[in-house]
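Engineer: Below you will find the structure I want to go over with you.
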Amino acid sequence: MVEDVVNPAGEHSGQFGALGLHLADPRVEASVLGVLDRVETELRASVASADPLVTDAARHLLEAGGKRFRPLLVALCAQFGDPDTAQVVPAAVVMELTHLATLYHDDVMDEAAVRRGAPSANSRWTNSVAILVGDYLFARAADVAADLGPEAVRLQARTFARLVHGQIAETVGPRDTDPVAHYLHVIAEKTGSLIATSARFGGMFGGAPAAQVEALAGYGEIIGVAFQLSDDLLDIASESMQSGKTPGTDLREGVPTLPVLYALASDDLDAASVRLREILATGPLVDDALHAEALTLLRESPALKRARETVRSYAEDARARLAPLPDTPARRALESLCDYIADRTS
């Protein structure tokens, strides 16, 4: 899923630039930052428990930071109605608590040792504690959603169901389906779903017209998938830590991202393509020499070019979803995300 790089909570300097989001209107920027500040306060209150261990573990990832992309999207999409509506902040809290809960569960399934530059909850405590804290955060999200009304509860529950379906699909693999179609489905379920609901919550609780709420939700789904796919490409194409991790990490761990899947599905008979398929078919590339060779071949491959075209297609699709919205600073900010995703992997 789209991961947040470290950005200490409450410190918004450079936050929008890190996301490729441009807020040219000072009033919109002040409004969005105001929502995010209130969200931070509410998040800390929401994870508190009578048990100090639960509070400590639940605040662990919260205090490690993150871009708060989902609350940001809630705040920005609320601009199409009244962003000062009392329900906007708790709606953003619901989305971030749900997202945080998935990270605790992901780290257990991935046996991760580090998250956001700090020891993961499962490595600091145990897998059992991390799973239960994730469950606790889901419960807290549902509790906050209950104050927003039955529709909010229903939407959060359905989003949670999609997240679970996506995780199950990823765990069992493509089975009899096309690996690329399966991968795109997993991303839509695990990443696109929560970002779509974040955009929907912003418009809905800001009081935007129904047609605009639907447009925002459609945009959120597609932009979420596009972000994840662009991260896949950066893991291959970047020479730096631009993606938030060491380039080639997915290759080393045997994670089948889009460029790899395209390469494996290719029937190109040139020597480079054949050699690349041979290496990728061996699984996780823990051997340094094979890893370096595969990374070099992928960077020059038709598969990477095709993956770039796919990312650009998603970015343009996301932009098209904004057509029903009025031409405002908020819409232009959402469009800037499309430009950023299309350009960051070019």
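Residue numbers start at 1 in each chain; chains themselves are named A, B, ... in the order of the structure tokens; ligands are numbered from 1 in the order shown.
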Counting only C-alpha atoms, what are the residues of segment 246-292 of chain A within 9 Å of segment 305-310 of chain A, and for each of them which pair of atoms is the nearest and at what distance in Å, to one decimal? Sort the table by chain and rising number, as JSON lines.

Structural biologist:
```
{"residue": "A:Leu258", "atom": "CA", "partner": "A:Ala307", "partner_atom": "CA", "distance": 6.4}
{"residue": "A:Pro259", "atom": "CA", "partner": "A:Ala307", "partner_atom": "CA", "distance": 5.6}
{"residue": "A:Tyr262", "atom": "CA", "partner": "A:Ala307", "partner_atom": "CA", "distance": 7.4}
```

Engineer: Could you write those residues out with N, CA and C atoms, as a PDB file, in the first residue's frame?

Structural biologist:
```pdb
ATOM      1  N   LEU A 258       4.608  -4.137 -10.631  1.00  0.00           N
ATOM      2  CA  LEU A 258       4.138  -4.054 -12.010  1.00  0.00           C
ATOM      3  C   LEU A 258       5.256  -4.205 -13.054  1.00  0.00           C
ATOM      4  N   PRO A 259       6.388  -3.501 -12.940  1.00  0.00           N
ATOM      5  CA  PRO A 259       7.435  -3.686 -13.959  1.00  0.00           C
ATOM      6  C   PRO A 259       7.916  -5.136 -14.042  1.00  0.00           C
ATOM      7  N   TYR A 262       5.228  -7.244 -15.801  1.00  0.00           N
ATOM      8  CA  TYR A 262       5.270  -7.008 -17.241  1.00  0.00           C
ATOM      9  C   TYR A 262       6.466  -7.717 -17.869  1.00  0.00           C
TER      10      TYR A 262
END
```

Engineer: So which residues touch segment 231-236 of chain A within 7 Å, counting only C-alpha atoms, skipping near sequence neighbours fewer than 6 positions away, as a compact mmCIF listing (two decimals) with N, CA, C and O atoms, in the first residue's frame?

Structural biologist:
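Contents of the output file around-v9.txt:
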```
# COMPACT_ATOMS: atom_id res chain seq x y z
N SER A 243 11.67 6.90 -3.01
CA SER A 243 10.46 6.14 -2.71
C SER A 243 10.32 5.85 -1.23
O SER A 243 9.33 5.26 -0.80
N PRO A 247 16.52 1.63 -3.27
CA PRO A 247 16.12 1.16 -4.59
C PRO A 247 16.37 -0.34 -4.76
O PRO A 247 17.40 -0.87 -4.34
N GLY A 248 15.42 -1.02 -5.38
CA GLY A 248 15.55 -2.44 -5.60
C GLY A 248 15.14 -3.31 -4.43
O GLY A 248 15.32 -4.53 -4.47
N THR A 249 14.54 -2.71 -3.41
CA THR A 249 14.12 -3.49 -2.23
C THR A 249 13.09 -4.55 -2.61
O THR A 249 13.16 -5.69 -2.15
N ASP A 250 12.12 -4.19 -3.44
CA ASP A 250 11.09 -5.15 -3.83
C ASP A 250 11.71 -6.34 -4.58
O ASP A 250 11.31 -7.49 -4.38
N THR A 257 6.15 -6.55 -8.35
CA THR A 257 5.52 -5.28 -8.69
C THR A 257 5.26 -5.21 -10.20
O THR A 257 5.65 -6.10 -10.96
N LEU A 258 4.61 -4.14 -10.63
CA LEU A 258 4.14 -4.05 -12.01
C LEU A 258 5.26 -4.20 -13.05
O LEU A 258 5.09 -4.98 -14.01
N PRO A 259 6.39 -3.50 -12.94
CA PRO A 259 7.44 -3.69 -13.96
C PRO A 259 7.92 -5.14 -14.04
O PRO A 259 8.18 -5.65 -15.14
N LEU A 295 18.38 -5.26 -11.80
CA LEU A 295 18.02 -3.85 -11.69
C LEU A 295 18.45 -3.08 -12.93
O LEU A 295 17.70 -2.26 -13.47
N ARG A 299 15.80 -1.41 -15.71
CA ARG A 299 15.81 0.03 -15.98
C ARG A 299 15.86 0.34 -17.47
O ARG A 299 15.46 1.42 -17.90
N THR A 345 7.86 9.59 -12.31
CA THR A 345 8.47 8.35 -12.79
C THR A 345 8.88 8.43 -14.26
O THR A 345 9.21 7.42 -14.87
```

Engineer: Just want the 10 Å neighbourhood of Ala139 of chain A, counted on only C-alpha atoms, with same-chain residues fewer than 6 positions away dropped. Output as an MDAnalysis selection string.

Structural biologist: chainID A and resid 97:98 101 133 145

Engineer: Using all heavy atoms, can you export the residues from the last selection as a CSV table (one decimal), in the first residue's frame?

Structural biologist:
```csv
chain,number,residue,atom,x,y,z
A,97,LEU,N,-7.2,6.5,11.5
A,97,LEU,CA,-7.1,5.3,12.4
A,97,LEU,C,-7.3,4.0,11.7
A,97,LEU,O,-6.6,3.0,12.0
A,97,LEU,CB,-8.3,5.5,13.4
A,97,LEU,CG,-8.1,6.5,14.5
A,97,LEU,CD1,-9.4,6.6,15.4
A,97,LEU,CD2,-6.9,6.2,15.4
A,98,THR,N,-8.1,4.0,10.7
A,98,THR,CA,-8.3,2.8,9.9
A,98,THR,C,-7.0,2.4,9.1
A,98,THR,O,-6.5,1.3,9.1
A,98,THR,CB,-9.4,2.9,8.8
A,98,THR,OG1,-10.6,3.3,9.5
A,98,THR,CG2,-9.6,1.7,8.0
A,101,ALA,N,-4.3,1.1,11.6
A,101,ALA,CA,-4.7,-0.2,12.0
A,101,ALA,C,-4.1,-1.2,11.0
A,101,ALA,O,-3.6,-2.3,11.3
A,101,ALA,CB,-6.2,-0.4,12.2
A,133,VAL,N,-3.5,-4.6,18.8
A,133,VAL,CA,-3.5,-3.1,18.8
A,133,VAL,C,-4.2,-2.7,17.5
A,133,VAL,O,-4.9,-1.7,17.4
A,133,VAL,CB,-2.1,-2.6,19.0
A,133,VAL,CG1,-2.1,-1.1,18.6
A,133,VAL,CG2,-1.6,-2.8,20.4
A,145,ALA,N,-16.7,6.9,14.0
A,145,ALA,CA,-17.6,6.9,12.9
A,145,ALA,C,-19.0,6.9,13.3
A,145,ALA,O,-19.9,7.5,12.7
A,145,ALA,CB,-17.3,5.7,11.9
```

Engineer: Write out as a count of residues only the residues lying within 9 Å of segment 191-207 of chain A, counting only C-alpha atoms and excluding same-chain residues fewer than 5 positions away.

Structural biologist: 55

Engineer: Give the strand (DSSP E) residues of segment 29-269 of chain A, as DSSP finds them on the backbone, and put them as a PDB file with N, CA and C atoms, in the first residue's frame.

Structural biologist:
```pdb
ATOM      1  N   VAL A 114      11.019  -2.764  10.855  1.00  0.00           N
ATOM      2  CA  VAL A 114      11.043  -1.307  10.945  1.00  0.00           C
ATOM      3  C   VAL A 114       9.832  -0.739  10.229  1.00  0.00           C
ATOM      4  N   ARG A 115       9.279   0.319  10.778  1.00  0.00           N
ATOM      5  CA  ARG A 115       8.180   1.045  10.149  1.00  0.00           C
ATOM      6  C   ARG A 115       8.371   2.516  10.457  1.00  0.00           C
ATOM      7  N   ALA A 118      11.294   3.582  12.682  1.00  0.00           N
ATOM      8  CA  ALA A 118      11.324   3.127  14.076  1.00  0.00           C
ATOM      9  C   ALA A 118      11.044   1.629  14.113  1.00  0.00           C
ATOM     10  N   PRO A 119      11.410   0.952  15.203  1.00  0.00           N
ATOM     11  CA  PRO A 119      11.085  -0.472  15.311  1.00  0.00           C
ATOM     12  C   PRO A 119       9.579  -0.683  15.153  1.00  0.00           C
TER      13      PRO A 119
END
```

Engineer: Quick one: distance from atom CA of Leu304 of chain A to atom CA of Asp270 of chain A in Å, one decimal?

Structural biologist: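 For atom CA of Leu304 of chain A relative to atom CA of Asp270 of chain A, the distance reads 15.5 Å.
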
Engineer: Please run DSSP on the backbone and report, as JSON, numbers by chain, all residues within segment 130-177 of chain A that come out as helix (DSSP H, G or I).

Structural biologist: {"A": [130, 131, 132, 133, 134, 135, 136, 137, 138, 139, 140, 141, 142, 143, 144, 145, 146, 150, 151, 152, 153, 154, 155, 156, 157, 158, 159, 160, 161, 162, 163, 164, 165, 166, 167, 168, 169, 170, 171, 172]}

Engineer: Using only C-alpha atoms, which residue out of A:Leu137, A:Ala263, A:Ala323, A:Leu276 lies closest to Ser49 of chain A?

Structural biologist: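 The answer is A:Leu137, which sits nearest to Ser49 of chain A.
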